[in-house]
$ cat coords_16.csv   # CSV, N, CA and C atoms
chain,number,residue,atom,x,y,z
A,4,MET,N,3.3,-17.2,10.0
A,4,MET,CA,2.3,-16.3,10.4
A,4,MET,C,0.9,-16.7,9.9
A,5,SER,N,0.0,-16.7,10.8
A,5,SER,CA,-1.4,-17.2,10.5
A,5,SER,C,-2.1,-16.1,9.6
A,6,THR,N,-3.1,-16.5,9.0
A,6,THR,CA,-3.9,-15.6,8.2
A,6,THR,C,-4.5,-14.5,9.0
A,7,ARG,N,-4.9,-14.8,10.3
A,7,ARG,CA,-5.4,-13.8,11.2
A,7,ARG,C,-4.4,-12.8,11.6
A,8,GLN,N,-3.1,-13.3,11.8
A,8,GLN,CA,-2.0,-12.4,12.1
A,8,GLN,C,-1.7,-11.5,10.9
A,9,GLN,N,-1.7,-12.0,9.7
A,9,GLN,CA,-1.4,-11.2,8.5
A,9,GLN,C,-2.5,-10.1,8.4
A,10,TYR,N,-3.7,-10.5,8.6
A,10,TYR,CA,-4.8,-9.5,8.6
A,10,TYR,C,-4.6,-8.4,9.6
A,11,GLN,N,-4.3,-8.7,10.8
A,11,GLN,CA,-4.0,-7.7,11.8
A,11,GLN,C,-2.8,-6.9,11.5
A,12,THR,N,-1.8,-7.4,11.0
A,12,THR,CA,-0.6,-6.7,10.6
A,12,THR,C,-1.0,-5.7,9.4
A,13,ALA,N,-1.8,-6.2,8.5
A,13,ALA,CA,-2.2,-5.4,7.3
A,13,ALA,C,-3.0,-4.2,7.9
A,14,LEU,N,-3.9,-4.4,8.8
A,14,LEU,CA,-4.6,-3.3,9.4
A,14,LEU,C,-3.7,-2.3,10.1
A,15,LYS,N,-2.6,-2.7,10.6
A,15,LYS,CA,-1.7,-1.8,11.3
A,15,LYS,C,-0.9,-1.0,10.2
A,16,MET,N,-0.7,-1.6,9.0
A,16,MET,CA,0.1,-1.0,8.0
A,16,MET,C,-0.8,0.0,7.1
A,17,ILE,N,-2.1,-0.2,7.0
A,17,ILE,CA,-2.9,0.7,6.2
A,17,ILE,C,-2.8,2.2,6.6
A,18,PRO,N,-3.0,2.5,7.9
A,18,PRO,CA,-2.8,3.9,8.3
A,18,PRO,C,-1.4,4.5,8.0
A,19,ILE,N,-0.4,3.7,8.1
A,19,ILE,CA,0.9,4.1,7.8
A,19,ILE,C,1.0,4.5,6.3
A,20,LEU,N,0.5,3.6,5.5
A,20,LEU,CA,0.6,3.8,4.1
A,20,LEU,C,-0.3,5.1,3.7
A,21,VAL,N,-1.4,5.2,4.3
A,21,VAL,CA,-2.3,6.4,4.1
A,21,VAL,C,-1.5,7.7,4.5
A,22,TYR,N,-0.8,7.6,5.6
A,22,TYR,CA,-0.1,8.8,6.0
A,22,TYR,C,1.0,9.1,5.0
A,23,TRP,N,1.7,8.1,4.6
A,23,TRP,CA,2.8,8.3,3.6
A,23,TRP,C,2.2,8.9,2.3
A,24,ALA,N,1.1,8.4,1.9
A,24,ALA,CA,0.4,8.8,0.6
A,24,ALA,C,0.1,10.3,0.7
A,25,LYS,N,-0.4,10.7,1.9
A,25,LYS,CA,-0.9,12.1,2.1
A,25,LYS,C,0.2,13.1,2.4
A,26,ASN,N,1.3,12.6,3.1
A,26,ASN,CA,2.3,13.5,3.7
A,26,ASN,C,3.7,13.4,3.2
A,27,GLU,N,4.0,12.3,2.7
A,27,GLU,CA,5.4,12.0,2.3
A,27,GLU,C,5.6,11.5,0.9
A,28,THR,N,5.0,12.3,0.0
A,28,THR,CA,4.9,11.8,-1.4
A,28,THR,C,6.3,12.0,-2.1
A,29,ASP,N,7.2,12.8,-1.5
A,29,ASP,CA,8.6,12.9,-2.1
A,29,ASP,C,9.6,12.0,-1.5
A,30,ILE,N,9.2,11.1,-0.6
A,30,ILE,CA,10.1,10.2,0.1
A,30,ILE,C,9.9,8.8,-0.4
A,31,THR,N,11.0,8.1,-0.7
A,31,THR,CA,10.9,6.7,-1.2
A,31,THR,C,10.8,5.9,0.1
A,32,HIS,N,9.9,5.0,0.1
A,32,HIS,CA,9.7,4.1,1.3
A,32,HIS,C,10.0,2.7,0.8
A,33,TYR,N,10.7,1.9,1.6
A,33,TYR,CA,11.0,0.6,1.3
A,33,TYR,C,10.2,-0.4,2.1
A,34,TYR,N,10.2,-1.7,1.7
A,34,TYR,CA,9.5,-2.7,2.4
A,34,TYR,C,9.9,-2.7,3.9
A,35,SER,N,11.2,-2.6,4.1
A,35,SER,CA,11.8,-2.6,5.5
A,35,SER,C,11.3,-1.4,6.3
A,36,ASP,N,11.0,-0.2,5.6
A,36,ASP,CA,10.5,0.9,6.3
A,36,ASP,C,9.1,0.7,6.8
A,37,LEU,N,8.3,0.1,6.0
A,37,LEU,CA,6.9,-0.3,6.4
A,37,LEU,C,6.9,-1.3,7.5
A,38,SER,N,7.7,-2.3,7.3
A,38,SER,CA,7.8,-3.4,8.3
A,38,SER,C,8.2,-2.8,9.7
A,39,ALA,N,9.2,-1.9,9.7
A,39,ALA,CA,9.6,-1.3,11.0
A,39,ALA,C,8.6,-0.4,11.5
A,40,ALA,N,7.9,0.4,10.7
A,40,ALA,CA,6.9,1.4,11.2
A,40,ALA,C,5.7,0.6,11.8
A,41,ALA,N,5.4,-0.6,11.3
A,41,ALA,CA,4.3,-1.4,11.8
A,41,ALA,C,4.8,-2.3,13.0
A,42,GLY,N,6.1,-2.3,13.3
A,42,GLY,CA,6.5,-3.2,14.4
A,42,GLY,C,6.6,-4.6,14.0
A,43,TYR,N,6.7,-4.9,12.7
A,43,TYR,CA,6.7,-6.2,12.2
A,43,TYR,C,8.2,-6.6,12.0
A,44,GLY,N,8.6,-7.8,12.4
A,44,GLY,CA,10.0,-8.2,12.5
A,44,GLY,C,10.7,-8.6,11.2
A,45,SER,N,10.1,-8.5,10.1
A,45,SER,CA,10.7,-8.9,8.8
A,45,SER,C,10.4,-7.9,7.7
A,46,PRO,N,11.4,-7.6,6.8
A,46,PRO,CA,11.1,-6.8,5.7
A,46,PRO,C,10.3,-7.6,4.6
A,47,ARG,N,10.2,-8.9,4.8
A,47,ARG,CA,9.5,-9.7,3.8
A,47,ARG,C,8.0,-9.6,4.1
A,48,ILE,N,7.3,-8.7,3.4
A,48,ILE,CA,5.9,-8.4,3.7
A,48,ILE,C,5.0,-8.6,2.5
A,49,GLY,N,5.5,-9.3,1.5
A,49,GLY,CA,4.7,-9.5,0.3
A,49,GLY,C,3.3,-10.1,0.5
A,50,ASN,N,3.2,-11.1,1.4
A,50,ASN,CA,1.9,-11.7,1.7
A,50,ASN,C,1.0,-10.7,2.4
A,51,ILE,N,1.6,-9.8,3.2
A,51,ILE,CA,0.8,-8.8,3.9
A,51,ILE,C,0.3,-7.8,3.0
A,52,LEU,N,1.1,-7.4,2.0
A,52,LEU,CA,0.7,-6.4,1.0
A,52,LEU,C,-0.5,-7.0,0.1
A,53,ILE,N,-0.4,-8.3,-0.1
A,53,ILE,CA,-1.6,-8.9,-0.8
A,53,ILE,C,-2.8,-8.8,0.1
A,54,VAL,N,-2.7,-9.0,1.4
A,54,VAL,CA,-3.9,-8.9,2.2
A,54,VAL,C,-4.4,-7.5,2.2
A,55,ILE,N,-3.5,-6.5,2.3
A,55,ILE,CA,-3.9,-5.1,2.2
A,55,ILE,C,-4.7,-4.8,0.9
A,56,GLN,N,-4.2,-5.3,-0.2
A,56,GLN,CA,-4.9,-5.1,-1.5
A,56,GLN,C,-6.3,-5.8,-1.4
A,57,GLN,N,-6.3,-7.0,-0.8
A,57,GLN,CA,-7.6,-7.7,-0.7
A,57,GLN,C,-8.6,-6.9,0.2
A,58,ILE,N,-8.1,-6.4,1.2
A,58,ILE,CA,-9.0,-5.6,2.1
A,58,ILE,C,-9.6,-4.4,1.3
A,59,LEU,N,-8.7,-3.7,0.6
A,59,LEU,CA,-9.2,-2.5,-0.2
A,59,LEU,C,-10.1,-3.0,-1.3
A,60,ASP,N,-9.8,-4.1,-2.0
A,60,ASP,CA,-10.7,-4.6,-3.0
A,60,ASP,C,-12.0,-5.0,-2.5
A,61,ASN,N,-12.0,-5.7,-1.3
A,61,ASN,CA,-13.3,-6.1,-0.7
A,61,ASN,C,-14.2,-4.9,-0.3
A,62,LEU,N,-13.5,-3.9,0.2
A,62,LEU,CA,-14.3,-2.6,0.6
A,62,LEU,C,-14.8,-2.0,-0.7
A,63,SER,N,-14.0,-2.0,-1.7
A,63,SER,CA,-14.5,-1.4,-3.0
A,63,SER,C,-15.7,-2.1,-3.5
A,64,GLN,N,-15.6,-3.4,-3.5
A,64,GLN,CA,-16.8,-4.2,-4.0
A,64,GLN,C,-18.0,-4.0,-3.1
A,65,LYS,N,-17.8,-3.9,-1.8
A,65,LYS,CA,-18.9,-3.7,-0.9
A,65,LYS,C,-19.6,-2.4,-1.1
A,66,THR,N,-18.8,-1.3,-1.3
A,66,THR,CA,-19.3,0.0,-1.4
A,66,THR,C,-19.6,0.5,-2.8
A,67,GLY,N,-19.0,-0.1,-3.8
A,67,GLY,CA,-19.1,0.3,-5.1
A,67,GLY,C,-18.2,1.5,-5.5
A,68,LYS,N,-17.3,1.9,-4.6
A,68,LYS,CA,-16.4,3.0,-4.8
A,68,LYS,C,-15.0,2.4,-5.2
A,69,HIS,N,-14.4,3.1,-6.2
A,69,HIS,CA,-13.1,2.8,-6.6
A,69,HIS,C,-12.1,3.2,-5.5
A,70,ILE,N,-11.2,2.4,-5.1
A,70,ILE,CA,-10.2,2.7,-4.1
A,70,ILE,C,-8.8,2.4,-4.7
A,71,PRO,N,-8.0,3.4,-4.8
A,71,PRO,CA,-6.7,3.1,-5.4
A,71,PRO,C,-5.8,2.2,-4.5
A,72,THR,N,-4.8,1.7,-5.1
A,72,THR,CA,-3.9,0.8,-4.3
A,72,THR,C,-3.0,1.7,-3.4
A,73,LEU,N,-2.6,1.1,-2.3
A,73,LEU,CA,-1.5,1.7,-1.5
A,73,LEU,C,-0.2,1.0,-1.7
A,74,ASN,N,-0.2,-0.2,-2.3
A,74,ASN,CA,0.9,-1.0,-2.4
A,74,ASN,C,2.0,-0.4,-3.3
A,75,CYS,N,1.7,0.6,-4.1
A,75,CYS,CA,2.6,1.3,-4.9
A,75,CYS,C,3.6,2.2,-4.1
A,76,LEU,N,3.3,2.4,-2.9
A,76,LEU,CA,4.1,3.3,-2.1
A,76,LEU,C,5.3,2.7,-1.5
A,77,VAL,N,5.5,1.4,-1.6
A,77,VAL,CA,6.7,0.8,-1.0
A,77,VAL,C,7.4,0.1,-2.1
A,78,CYS,N,8.7,0.0,-2.0
A,78,CYS,CA,9.5,-0.6,-3.1
A,78,CYS,C,10.7,-1.3,-2.6
A,79,ASN,N,11.4,-2.0,-3.5
A,79,ASN,CA,12.6,-2.7,-3.3
A,79,ASN,C,13.8,-1.7,-3.3
A,80,LYS,N,14.7,-1.9,-2.4
A,80,LYS,CA,15.8,-1.0,-2.2
A,80,LYS,C,16.8,-1.0,-3.5
A,81,VAL,N,16.8,-2.1,-4.1
A,81,VAL,CA,17.7,-2.3,-5.3
A,81,VAL,C,17.2,-1.6,-6.5
A,82,THR,N,15.9,-1.9,-6.8
A,82,THR,CA,15.3,-1.4,-8.1
A,82,THR,C,14.6,-0.1,-7.9
A,83,GLY,N,14.2,0.3,-6.7
A,83,GLY,CA,13.4,1.5,-6.5
A,83,GLY,C,12.0,1.3,-7.0
A,84,LEU,N,11.6,0.1,-7.2
A,84,LEU,CA,10.2,-0.2,-7.7
A,84,LEU,C,9.6,-1.3,-6.8
A,85,PRO,N,8.3,-1.4,-6.8
A,85,PRO,CA,7.7,-2.6,-6.2
A,85,PRO,C,8.2,-3.9,-6.9
A,86,SER,N,8.4,-4.9,-6.1
A,86,SER,CA,8.9,-6.2,-6.6
A,86,SER,C,7.8,-6.9,-7.5
A,87,SER,N,8.1,-8.0,-8.0
A,87,SER,CA,7.3,-8.7,-8.9
A,87,SER,C,5.9,-9.1,-8.3
A,88,GLY,N,5.8,-9.1,-7.0
A,88,GLY,CA,4.6,-9.4,-6.3
A,88,GLY,C,3.5,-8.3,-6.6
A,89,PHE,N,3.9,-7.1,-7.1
A,89,PHE,CA,3.0,-6.1,-7.5
A,89,PHE,C,2.1,-6.5,-8.6
A,90,GLY,N,2.5,-7.6,-9.3
A,90,GLY,CA,1.7,-8.2,-10.3
A,90,GLY,C,0.3,-8.6,-9.8
A,91,PHE,N,0.2,-8.8,-8.5
A,91,PHE,CA,-1.1,-9.0,-7.8
A,91,PHE,C,-2.1,-7.9,-8.0
A,92,VAL,N,-1.5,-6.7,-8.1
A,92,VAL,CA,-2.3,-5.4,-8.2
A,92,VAL,C,-2.5,-5.1,-9.7
A,93,SER,N,-1.4,-5.2,-10.4
A,93,SER,CA,-1.4,-4.9,-11.9
A,93,SER,C,-0.9,-6.1,-12.6
A,94,ASN,N,-1.8,-6.8,-13.3
A,94,ASN,CA,-1.5,-8.1,-13.9
A,94,ASN,C,-0.3,-8.1,-14.9
A,95,ASP,N,-0.1,-7.0,-15.6
A,95,ASP,CA,1.0,-7.0,-16.6
A,95,ASP,C,2.2,-6.3,-16.1
A,96,TYR,N,2.3,-6.0,-14.8
A,96,TYR,CA,3.4,-5.3,-14.2
A,96,TYR,C,4.8,-6.0,-14.5
A,97,THR,N,4.8,-7.3,-14.2
A,97,THR,CA,6.1,-8.0,-14.3
A,97,THR,C,6.6,-8.1,-15.8
A,98,SER,N,5.7,-8.0,-16.8
A,98,SER,CA,6.2,-8.0,-18.2
A,98,SER,C,6.5,-6.7,-18.7
A,99,MET,N,6.3,-5.6,-18.0
A,99,MET,CA,6.5,-4.3,-18.5
A,99,MET,C,8.0,-4.0,-18.4
A,100,PRO,N,8.5,-3.2,-19.4
A,100,PRO,CA,9.9,-2.7,-19.2
A,100,PRO,C,10.0,-1.8,-18.0
A,101,LYS,N,11.2,-1.7,-17.4
A,101,LYS,CA,11.4,-0.9,-16.2
A,101,LYS,C,10.8,0.5,-16.3
A,102,GLU,N,11.1,1.2,-17.4
A,102,GLU,CA,10.6,2.6,-17.5
A,102,GLU,C,9.1,2.7,-17.5
A,103,ARG,N,8.5,1.7,-18.1
A,103,ARG,CA,7.0,1.7,-18.0
A,103,ARG,C,6.5,1.4,-16.6
A,104,GLN,N,7.2,0.5,-15.9
A,104,GLN,CA,6.9,0.3,-14.5
A,104,GLN,C,7.0,1.6,-13.7
A,105,ARG,N,8.1,2.3,-13.9
A,105,ARG,CA,8.3,3.6,-13.2
A,105,ARG,C,7.2,4.5,-13.4
A,106,LYS,N,6.8,4.6,-14.7
A,106,LYS,CA,5.7,5.6,-15.0
A,106,LYS,C,4.4,5.1,-14.4
A,107,LEU,N,4.1,3.9,-14.4
A,107,LEU,CA,2.9,3.3,-13.8
A,107,LEU,C,2.9,3.6,-12.3
A,108,ILE,N,4.0,3.4,-11.6
A,108,ILE,CA,4.1,3.6,-10.2
A,108,ILE,C,4.0,5.1,-9.8
A,109,ARG,N,4.6,6.0,-10.6
A,109,ARG,CA,4.4,7.4,-10.4
A,109,ARG,C,2.9,7.8,-10.5
A,110,GLN,N,2.2,7.3,-11.5
A,110,GLN,CA,0.8,7.6,-11.7
A,110,GLN,C,0.0,7.1,-10.5
A,111,LEU,N,0.3,5.8,-10.1
A,111,LEU,CA,-0.5,5.2,-8.9
A,111,LEU,C,-0.2,6.0,-7.6
A,112,ASN,N,1.1,6.4,-7.4
A,112,ASN,CA,1.4,7.2,-6.3
A,112,ASN,C,0.7,8.5,-6.2
A,113,HIS,N,0.6,9.1,-7.4
A,113,HIS,CA,-0.1,10.4,-7.5
A,113,HIS,C,-1.6,10.2,-7.2
A,114,THR,N,-2.2,9.1,-7.7
A,114,THR,CA,-3.6,8.8,-7.4
A,114,THR,C,-3.8,8.5,-5.9
A,115,ALA,N,-2.9,7.8,-5.3
A,115,ALA,CA,-3.0,7.5,-3.9
A,115,ALA,C,-2.9,8.8,-3.1
A,116,ALA,N,-2.0,9.7,-3.5
A,116,ALA,CA,-1.7,11.0,-2.8
A,116,ALA,C,-2.9,11.9,-2.8
A,117,SER,N,-3.7,11.8,-3.9
A,117,SER,CA,-4.8,12.8,-4.1
A,117,SER,C,-6.1,12.2,-3.7
A,118,TYR,N,-6.1,11.0,-3.2
A,118,TYR,CA,-7.4,10.3,-2.8
A,118,TYR,C,-7.8,10.7,-1.4
A,119,ASP,N,-9.1,10.7,-1.1
A,119,ASP,CA,-9.6,11.0,0.2
A,119,ASP,C,-9.7,9.7,1.0
A,120,TRP,N,-8.7,9.4,1.8
A,120,TRP,CA,-8.6,8.1,2.5
A,120,TRP,C,-9.4,8.1,3.8
A,121,SER,N,-9.9,9.2,4.2
A,121,SER,CA,-10.6,9.3,5.5
A,121,SER,C,-11.8,8.4,5.6
A,122,TRP,N,-12.6,8.2,4.5
A,122,TRP,CA,-13.7,7.3,4.6
A,122,TRP,C,-13.3,5.9,4.6
A,123,VAL,N,-12.2,5.6,3.9
A,123,VAL,CA,-11.6,4.2,4.0
A,123,VAL,C,-11.2,3.8,5.4
A,124,LEU,N,-10.5,4.7,6.0
A,124,LEU,CA,-10.1,4.4,7.4
A,124,LEU,C,-11.3,4.3,8.3
A,125,GLN,N,-12.3,5.1,8.1
A,125,GLN,CA,-13.5,5.0,8.9
A,125,GLN,C,-14.2,3.7,8.7
A,126,GLN,N,-14.3,3.3,7.4
A,126,GLN,CA,-15.0,2.0,7.1
A,126,GLN,C,-14.3,0.8,7.7
A,127,LEU,N,-13.0,0.9,7.8
A,127,LEU,CA,-12.2,-0.2,8.4
A,127,LEU,C,-12.0,0.0,9.9
A,128,ASP,N,-12.6,1.0,10.4
A,128,ASP,CA,-12.5,1.3,11.9
A,128,ASP,C,-11.0,1.5,12.3
A,129,LEU,N,-10.3,2.3,11.5
A,129,LEU,CA,-8.9,2.6,11.7
A,129,LEU,C,-8.8,4.1,11.9
A,130,LYS,N,-7.8,4.5,12.7
A,130,LYS,CA,-7.6,5.9,13.0
A,130,LYS,C,-6.4,6.4,12.1
A,131,PRO,N,-6.5,7.6,11.6
A,131,PRO,CA,-5.4,8.2,10.9
A,131,PRO,C,-4.3,8.5,11.8
A,132,LEU,N,-3.1,8.5,11.2
A,132,LEU,CA,-1.9,8.8,12.0
A,132,LEU,C,-1.7,10.3,12.0
A,133,ASP,N,-1.3,10.9,13.1
A,133,ASP,CA,-1.0,12.3,13.2
A,133,ASP,C,0.4,12.6,12.8
A,134,GLU,N,1.3,11.6,13.0
A,134,GLU,CA,2.7,11.8,12.6
A,134,GLU,C,3.3,10.4,12.3
A,135,PRO,N,4.4,10.4,11.6
A,135,PRO,CA,5.0,9.1,11.2
A,135,PRO,C,5.4,8.3,12.4
A,136,GLN,N,5.5,7.0,12.1
A,136,GLN,CA,5.9,6.1,13.2
A,136,GLN,C,7.4,6.2,13.4

$ encode --input "coords_16.csv" --output "C-alpha cells"
Amino acid sequence: MSTRQQYQTALKMIPILVYWAKNETDITHYYSDLSAAAGYGSPRIGNILIVIQQILDNLSQKTGKHIPTLNCLVCNKVTGLPSSGFGFVSNDYTSMPKERQRKLIRQLNHTAASYDWSWVLQQLDLKPLDEPQ
C-alpha cells in the first residue's frame, strides 16, 4: 500500500475512531473492527495507525492545541491492549508491566472520550459519523 493510500485510509478511520471515543466507550474495539468499519481488507493496520497519529501530531503542531491520541481505542484480541506498535505514541509503553499498560490505556481512552473532536474533524475536512459503520 502506498503512502498516499495509507493516508487516505487513515482519513477514513479517524471519524470512526472519534465516533467510538464519543459513543462507544464501554465497548472493546479490535484492529479487525476498525479495519472492517473502514472497508480495509486486512486487520494489520499498524502502519495506518502510525499515519493517524502523525496526522494528529501535525495538526497539534500547526494549531498549538494538544490533541489526544485515538490509537488507544483499538487493541489486540489476545491481550485486550494495543500492541507493541503503540510505543510510537507512548515511548515507554512496551517496557511497562501489563497492569500499568492497562491503566495508561484507560486514562487515554477517558481523555479521548471527553475531548471535543469536532474542531479536529473540521480542520481535517472530515465529517462526523452519525452512526457506527

$ atom_distance --input "coords_16.csv" --atom1 "CA of Asn74 in chain A" --atom2 "CA of Gln56 in chain A"
7.2 Å

$ residues_around --input "coords_16.csv" --residues "Leu124 in chain A" --least-positions-apart "6" --cutoff "8 Å" --atoms "only N, CA and C atoms" --output "list in words"
Ile17, Pro18, Lys130 and Pro131 of chain A

$ select_by_dssp --input "coords_16.csv" --residues "chain A" --states "strand (DSSP E)" --output "PyMOL selection string"
chain A and resi 32-33+77-78

$ residues_around --input "coords_16.csv" --residues "Thr31 in chain A" --least-positions-apart "6" --cutoff "7 Å" --atoms "only N, CA and C atoms" --output "ChimeraX atom specification"
/A:76-78

$ residues_around --input "coords_16.csv" --residues "range 41-53 of chain A" --least-positions-apart "6" --cutoff "9 Å" --atoms "only C-alpha atoms" --output "PyMOL selection string"
chain A and resi 9-10+12-13+15-16+19+33-35+73-74+86+88-89+91-92+136

$ write_last_selection --input "coords_16.csv" --atoms "N, CA and C atoms" --output "CSV table (one decimal), in the frame of the given file"
chain,number,residue,atom,x,y,z
A,9,GLN,N,-1.7,-12.0,9.7
A,9,GLN,CA,-1.4,-11.2,8.5
A,9,GLN,C,-2.5,-10.1,8.4
A,10,TYR,N,-3.7,-10.5,8.6
A,10,TYR,CA,-4.8,-9.5,8.6
A,10,TYR,C,-4.6,-8.4,9.6
A,12,THR,N,-1.8,-7.4,11.0
A,12,THR,CA,-0.6,-6.7,10.6
A,12,THR,C,-1.0,-5.7,9.4
A,13,ALA,N,-1.8,-6.2,8.5
A,13,ALA,CA,-2.2,-5.4,7.3
A,13,ALA,C,-3.0,-4.2,7.9
A,15,LYS,N,-2.6,-2.7,10.6
A,15,LYS,CA,-1.7,-1.8,11.3
A,15,LYS,C,-0.9,-1.0,10.2
A,16,MET,N,-0.7,-1.6,9.0
A,16,MET,CA,0.1,-1.0,8.0
A,16,MET,C,-0.8,0.0,7.1
A,19,ILE,N,-0.4,3.7,8.1
A,19,ILE,CA,0.9,4.1,7.8
A,19,ILE,C,1.0,4.5,6.3
A,33,TYR,N,10.7,1.9,1.6
A,33,TYR,CA,11.0,0.6,1.3
A,33,TYR,C,10.2,-0.4,2.1
A,34,TYR,N,10.2,-1.7,1.7
A,34,TYR,CA,9.5,-2.7,2.4
A,34,TYR,C,9.9,-2.7,3.9
A,35,SER,N,11.2,-2.6,4.1
A,35,SER,CA,11.8,-2.6,5.5
A,35,SER,C,11.3,-1.4,6.3
A,73,LEU,N,-2.6,1.1,-2.3
A,73,LEU,CA,-1.5,1.7,-1.5
A,73,LEU,C,-0.2,1.0,-1.7
A,74,ASN,N,-0.2,-0.2,-2.3
A,74,ASN,CA,0.9,-1.0,-2.4
A,74,ASN,C,2.0,-0.4,-3.3
A,86,SER,N,8.4,-4.9,-6.1
A,86,SER,CA,8.9,-6.2,-6.6
A,86,SER,C,7.8,-6.9,-7.5
A,88,GLY,N,5.8,-9.1,-7.0
A,88,GLY,CA,4.6,-9.4,-6.3
A,88,GLY,C,3.5,-8.3,-6.6
A,89,PHE,N,3.9,-7.1,-7.1
A,89,PHE,CA,3.0,-6.1,-7.5
A,89,PHE,C,2.1,-6.5,-8.6
A,91,PHE,N,0.2,-8.8,-8.5
A,91,PHE,CA,-1.1,-9.0,-7.8
A,91,PHE,C,-2.1,-7.9,-8.0
A,92,VAL,N,-1.5,-6.7,-8.1
A,92,VAL,CA,-2.3,-5.4,-8.2
A,92,VAL,C,-2.5,-5.1,-9.7
A,136,GLN,N,5.5,7.0,12.1
A,136,GLN,CA,5.9,6.1,13.2
A,136,GLN,C,7.4,6.2,13.4

$ closest_residue --input "coords_16.csv" --among "A:Val54, A:Ser121, A:Arg105, A:Gln8" --to "Gly83 in chain A" --atoms "only N, CA and C atoms"
A:Arg105

$ build_atoms --input "coords_16.csv" --residues "range 54-65 of chain A" --atoms "N, CA, C and O atoms" --output "short mmCIF file (atom, residue, chain, number, x, y, z; two decimals), in the coordinates of the input"
data_model
loop_
_atom_site.label_atom_id
_atom_site.label_comp_id
_atom_site.auth_asym_id
_atom_site.auth_seq_id
_atom_site.Cartn_x
_atom_site.Cartn_y
_atom_site.Cartn_z
N VAL A 54 -2.70 -9.00 1.40
CA VAL A 54 -3.90 -8.90 2.20
C VAL A 54 -4.40 -7.50 2.20
O VAL A 54 -5.58 -7.22 2.20
N ILE A 55 -3.50 -6.50 2.30
CA ILE A 55 -3.90 -5.10 2.20
C ILE A 55 -4.70 -4.80 0.90
O ILE A 55 -5.76 -4.21 0.99
N GLN A 56 -4.20 -5.30 -0.20
CA GLN A 56 -4.90 -5.10 -1.50
C GLN A 56 -6.30 -5.80 -1.40
O GLN A 56 -7.29 -5.28 -1.87
N GLN A 57 -6.30 -7.00 -0.80
CA GLN A 57 -7.60 -7.70 -0.70
C GLN A 57 -8.60 -6.90 0.20
O GLN A 57 -9.78 -6.88 -0.15
N ILE A 58 -8.10 -6.40 1.20
CA ILE A 58 -9.00 -5.60 2.10
C ILE A 58 -9.60 -4.40 1.30
O ILE A 58 -10.77 -4.12 1.39
N LEU A 59 -8.70 -3.70 0.60
CA LEU A 59 -9.20 -2.50 -0.20
C LEU A 59 -10.10 -3.00 -1.30
O LEU A 59 -11.16 -2.34 -1.57
N ASP A 60 -9.80 -4.10 -2.00
CA ASP A 60 -10.70 -4.60 -3.00
C ASP A 60 -12.00 -5.00 -2.50
O ASP A 60 -13.08 -4.75 -3.09
N ASN A 61 -12.00 -5.70 -1.30
CA ASN A 61 -13.30 -6.10 -0.70
C ASN A 61 -14.20 -4.90 -0.30
O ASN A 61 -15.37 -4.90 -0.54
N LEU A 62 -13.50 -3.90 0.20
CA LEU A 62 -14.30 -2.60 0.60
C LEU A 62 -14.80 -2.00 -0.70
O LEU A 62 -15.93 -1.48 -0.69
N SER A 63 -14.00 -2.00 -1.70
CA SER A 63 -14.50 -1.40 -3.00
C SER A 63 -15.70 -2.10 -3.50
O SER A 63 -16.66 -1.49 -3.96
N GLN A 64 -15.60 -3.40 -3.50
CA GLN A 64 -16.80 -4.20 -4.00
C GLN A 64 -18.00 -4.00 -3.10
O GLN A 64 -19.11 -3.88 -3.62
N LYS A 65 -17.80 -3.90 -1.80
CA LYS A 65 -18.90 -3.70 -0.90
C LYS A 65 -19.60 -2.40 -1.10
O LYS A 65 -20.80 -2.27 -0.97
#
